[in-house]
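S.K.: Handing you this structure, nothing more for now.
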Amino acid sequence: MTVEQLSQVDKGFLEQMEDASRRYATRTAERDGHLEALEQHGILYADTQERVNKRLNRLGVDWAMATAIERTPATATTGTSLDLDRELVSTDLLVLERFMGRNDLIGIDYLEGGFLAARSVGRITVRSPRSSHHGTGFMVSPSLLMTNNHVLGSAEEAAAGVIEFNFQASVEGRPHVPVVFQLDPQSFFVTHRDLDFTVVAVSERSRDGQPLASFGRLPLKEAQGKAVIGELVNIIQHPNGEPKQLALRDNQIVDLLDDFVHYSADTARGSSGAPVFNDQWEVVALHHAGAPRRDRDGNVLAVDGTRWHPSMGEHRVDWKANEGVRVSRILGVIQQFPLSGAAAALRTELFAAGSSLHPVEMSPPTVLTDRTNGNAPPNTTTDRGGERQATAGSVRWTVPLHISVSLDADALQPGAEAPRAAPAPEPAHRATTTAPSYAGSPAGVGSIDGQSPAERDLAAAMVNLAAFSTRPYYDEAADLTARDAYYSGIHAGNPTALRLALTQRLESTHERRPAYKPMRLLYPWVDLHPDEKLHGIYSDNGFTPEELIEADAAVEAARIGRWQEFMLHESAPGREAIEAELDLLEASLPFNCEHVVPQSWFAKKEPMRGDLHHLFACESTCNSFRGNIPYFDFPDFDEAVRHSCGRREPGKFEPAEGKGPVARATLYFLLRYPGKIGDEARELQRAGLELLLNWHRDHPVGLYEQHRNAAIAEMQGNRNPLIDHPEWAEQIDFAGAWP
């Protein structure tokens with residue numbers, strides 16, 4: 001192969017390598033900080049708290065469980081020292097321990113997942129008068145392949161290319177016969193130089209007639225939480241066109257940028273166009289280049305210490321770091337390409353594949369379209385074996401869903417109230433249905449490790465309930481010490497200065513931000529009263545923690561069922577339709593939890609949505625009764641005929657109970673999130689401040705709120721100043737917190 005033949009491909013690769021080197025060099029200080037945090041504190045503290053929480057949520061565990069693991073002796077290998085029900089959460093603990101580097105064990109299904117993932121990875125070969133080279137690529141939908149722009153830079157180049165699957169050795173060491181498919185850029189070709197990716201269609205049949213579908217695909221998912229700094233990743237690749245190889249957990253993520261991810265490369269290098277996986281075999285990034293070691297003159301070094309030249313191949317570069325392009329960023333750019341007809345249908349197919357809950361799929365869904373003219377066969381929709389077949393131009397999703405929660409039939413009807421309490425969960429049925437996962441969909445909508453999301457949340461809640469049951473309800477001496485340390489340097493005096501100082505302290509110490517799952521933390525511990533029961537914040541009705549935990553698990557399962565029905569009858573619904581359906585689900589099937597600052601006031605955004613300081617147990621009837629109406633003080637409240645939850649008139653709501661706690665929680669919200677509410681007429685206006693201050697004064701802080709505050713401080717890191725220093729209420733310039 002001559003230098004002239006290599007020059008076109010090498011130019012693109014060298015440009016990407018230089019760009020990656022510059023990015024790596026400019027991030028030295030940040031990267032050193034990440035590595036120091038990993039060394040001194042561990043993986044829970046090396047990345048932003050938001051990303052760590054999202055990662056933990058995706059793994060199906062809580063921050064409380066993670067820190068419990070962290071506090072166990074370093075020799076722990078199975079988590080038995082936690083004295084938890086291993087049968088209930090063994091998978092969670094094992095995955096979590098491995099994630100945190102405390103345990104090298106993993107379920108045997110990990111190997112099966114890797115084998116299935118490898119099936120979708122192949123060797124790209126391009127042979128034309130202008131270029132002859134190899135790269136790695138992988139299927140991302142039933143019809144589309146992804147690789148680097150510098151591997152396939154144009155439709156003309158792709159037309160001269162093929163993808164070869166099974167180019168690898170068998171268990172006996174004998175080479176498999178590769179299965180070769182022609183690339184089909186006329187049907188679909190999208191490329192992007194700066195993010196160095198190309199997506200191209202592949203012929204449906206190989207040269208010897210085998211179906212492309214048999215090699216599955218690796219769905220690309222927009223959801224966050226797939227990996228964090230400090231996590232080990234895997235790369236399946238064809239380095240230098242060689243048979244398929246695996247770099248198994250030999251690269252550690254050291255930095256995350258907006259568009260790229262950097263991972264160490266001490267022994268295992270990446271190959272252009274290879275998928276980068278987490279331990280769940282989800283694609284985290286598209287590998288494309290790295291930062292090479294150089295000599296004093298700036299020349300790139302080869303692995304043997306000599307000066308590297310492009311003719312040696314990228315696998316001979318002495319890399320000090322690998323760089324991949326983040327999957328979420330690639331998907332965002334693909335979404336913006338102006339496509340129509342058959343190409344647009346194939347893009348829809350790509351995003352539908354990413355909606356699957358399983359990282360690897362060997363029975364891929366299909367878009368029933370003729371890719372040459374965009375017309376589909378004139379078949380109608382039929383149900384067959386639990387699958388829904390797509391009509392013309394639509395998409396078929398097949399997602400196994402295992403729900404083991406008994407439900408009241410009425411709970412599935414639109415507008416039905418959630419049950420006050422559900423019976424103990426028992427196996428009900430297994431269903432295979434069609435439903436994509438969406439970033440805001442109910443609990444992810446799918447089965448993980450044999451459990452549905454509702455089952456996993458129920459199990460985690462019961463574990464937390466057992467763990468907290470041995471703790472003292474409130475340690476006054478320890479809490480007073482923690483309180484004094486928390487407000488060190490903050491003094492009353494200037495109302496505006498006090499407000500600003502508190503806002504800064506509340507935000508900077510809000511280190512851990514749990515997602516909105518009241519059954520996991522709120523019910524088992526945070527909102528318990530001294531009688532060890534939960535009390536509806538507006539009614540004061542008492543419930544055992546188990547009652548509301550099980551009731552919310554039933555609600556979550558019912559939401560999933562309704563979500564399935566929605567997606568079953570919608571082909572690729574738009575974002576507005578999805579958001580409207582999610583709003584309807586939450587309204588018709590609410591949790592037994594109240595946001596005293598209604599979610600609609602802050603557009604359901606985090607961290608407000610999951611901030612425990614303004615979440616309270618509240619039976620769903622009272623939750624729905626209040627809705628998003630601002631608080632009000634009726635002059636004749638005690639004499640009026642009213643609901644057990646309080647009194648409501650158009651635009652006005654006064655609770656029967658809980659006025660002191662809800663006032664202090666709302667005042668906390670104003671301090672923690674200044675300017676976030678009050679810009680709409682139906683939200684809290686400045687005129688309502690006097691009401692809150694009156695309720696705060698007339699209903700003093702008690703043991704219940706002191707316990708809540710201490711529990712939340714332990715979980716989130718921040719405190720409620722109105723509970724710790726009630727006297728500050730009259731000394732804070734709350735008016736400055738409005739927009």
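Residues in the structure tokens are named by chain (A, B, ... in the order shown) and by number from 1 within that chain; ligands are numbered from 1 in the order shown.
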Arg127 (chain A): which residues within 10 Å, counting only C-alpha atoms, same-chain residues fewer than 2 positions away excluded, as a VMD selection string?
M.R.: chain A and resid 125 129 to 134 157 to 162
S.K.: Env of Asn718 (chain A): 9 Å cut, atoms = only C-alpha atoms, seq-sep filter 3 positions within chain, self excluded. Answer as an mmCIF file with N, CA and C atoms, in the first residue's frame.
M.R.:
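Okay, part27.cif is ready:
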```
data_model
loop_
_atom_site.group_PDB
_atom_site.id
_atom_site.type_symbol
_atom_site.label_atom_id
_atom_site.label_comp_id
_atom_site.auth_asym_id
_atom_site.auth_seq_id
_atom_site.Cartn_x
_atom_site.Cartn_y
_atom_site.Cartn_z
ATOM 1 N N TYR A 486 -22.739 23.800 60.213
ATOM 2 C CA TYR A 486 -23.306 24.111 58.895
ATOM 3 C C TYR A 486 -23.415 25.618 58.664
ATOM 4 N N ARG A 505 -25.083 28.904 50.577
ATOM 5 C CA ARG A 505 -24.771 27.735 51.404
ATOM 6 C C ARG A 505 -25.673 26.549 51.051
ATOM 7 N N LEU A 506 -26.948 26.814 50.836
ATOM 8 C CA LEU A 506 -27.877 25.738 50.500
ATOM 9 C C LEU A 506 -27.518 25.072 49.180
ATOM 10 N N GLU A 507 -27.111 25.869 48.209
ATOM 11 C CA GLU A 507 -26.757 25.301 46.905
ATOM 12 C C GLU A 507 -25.427 24.572 46.958
ATOM 13 N N SER A 508 -24.420 25.158 47.572
ATOM 14 C CA SER A 508 -23.084 24.557 47.574
ATOM 15 C C SER A 508 -23.031 23.265 48.379
ATOM 16 N N THR A 509 -23.900 23.134 49.373
ATOM 17 C CA THR A 509 -23.909 21.912 50.186
ATOM 18 C C THR A 509 -24.920 20.880 49.702
ATOM 19 N N HIS A 510 -25.686 21.216 48.665
ATOM 20 C CA HIS A 510 -26.656 20.270 48.094
ATOM 21 C C HIS A 510 -25.884 19.303 47.193
ATOM 22 N N GLU A 511 -25.054 18.477 47.824
ATOM 23 C CA GLU A 511 -24.089 17.657 47.092
ATOM 24 C C GLU A 511 -24.724 16.428 46.461
ATOM 25 N N ARG A 512 -25.709 15.863 47.124
ATOM 26 C CA ARG A 512 -26.353 14.650 46.621
ATOM 27 C C ARG A 512 -27.792 14.996 46.272
ATOM 28 N N ASN A 709 -35.216 17.171 59.102
ATOM 29 C CA ASN A 709 -34.109 18.024 58.696
ATOM 30 C C ASN A 709 -32.776 17.295 58.821
ATOM 31 N N ILE A 712 -32.587 14.516 56.073
ATOM 32 C CA ILE A 712 -32.355 15.064 54.737
ATOM 33 C C ILE A 712 -30.934 15.603 54.618
ATOM 34 N N ALA A 713 -30.434 16.232 55.684
ATOM 35 C CA ALA A 713 -29.056 16.740 55.652
ATOM 36 C C ALA A 713 -28.077 15.610 55.409
ATOM 37 N N GLU A 714 -28.333 14.455 56.011
ATOM 38 C CA GLU A 714 -27.457 13.305 55.803
ATOM 39 C C GLU A 714 -27.521 12.812 54.366
ATOM 40 N N MET A 715 -28.700 12.869 53.762
ATOM 41 C CA MET A 715 -28.877 12.328 52.413
ATOM 42 C C MET A 715 -28.515 13.328 51.323
#
```
S.K.: For Gly60 (chain A), list every protein, DNA or RNA residue within 8 Å, evaluated using only C-alpha atoms, and leave out those in the same chain fewer than 2 positions away; present the list as a ChimeraX atom specification.
M.R.: /A:56-58,62,92,456-457
S.K.: Using Å and a single decimal, report how far CA of Ser271 (chain A) sits from CA of Val300 (chain A).
M.R.: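 About the pair CA of Val300 (chain A) and CA of Ser271 (chain A): they are 17.1 Å apart.
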S.K.: Hey, can you check how far CA of Leu548 (chain A) sits from CA of Ile677 (chain A)?
M.R.: 29.1 Å
S.K.: So which bits of region 169-351 of chain A end up strand (DSSP E) when you DSSP the backbone, as JSON, numbers by chain?
M.R.: {"A": [179, 180, 181, 182, 189, 190, 191, 192, 197, 198, 199, 200, 201, 232, 233, 234, 235, 236, 237, 245, 246, 247, 248, 249, 250, 251, 252, 253, 254, 255, 256, 260, 261, 262, 263, 264, 275, 276, 277, 283, 284, 285, 286, 287, 288, 289, 290, 291, 292, 319, 320, 321, 322, 323, 324, 325, 326]}
S.K.: One decimal, Å: what's the distance from CA of Asp259 (chain A) over to CA of Gly324 (chain A), could you say?
M.R.: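 Straight-line distance from CA of Asp259 (chain A) to CA of Gly324 (chain A) works out to 8.7 Å.
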S.K.: Could you pull out the helix (DSSP H, G or I) residues of region 541-650 of chain A from DSSP and send them as a PyMOL selection string?
M.R.: chain A and resi 545-568+575-588+599-602+612-614+620-626
S.K.: Rank A:Ile69, A:Glu576, A:Ala501, A:Lys226 by their smallest atom-to-atom distance to Ser488 (chain A), using only C-alpha atoms, and report the top residue only.
M.R.: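 Checking each of A:Ile69, A:Glu576, A:Ala501, A:Lys226 against Ser488 (chain A), counting only C-alpha atoms, the winner is A:Ala501.
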S.K.: With distances taken over only C-alpha atoms, which of A:Glu586, A:Glu231, A:Asp109, A:Glu690 is nearest to Ser624 (chain A)?
M.R.: A:Glu586
S.K.: His614 (chain A): which residues within 7 Å, counting only C-alpha atoms, same-chain residues fewer than 5 positions away excluded, as a list of chain:residue names?
M.R.: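 These residues fall inside the cut-off: A:His595, A:Val596, A:Val597, A:Ala665, A:Thr666.
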S.K.: Calculated over only C-alpha atoms, which of the candidates A:Ala68, A:Leu331, A:Leu589, A:Cys622 has the smallest distance to Val190 (chain A)?
M.R.: A:Leu331
S.K.: Would you list the contacts of Phe543 (chain A) as a PyMOL selection string, taking every protein, DNA or RNA residue within 8 Å and counting only C-alpha atoms, but skipping same-chain residues closer than 6 positions in sequence?
M.R.: chain A and resi 533-535
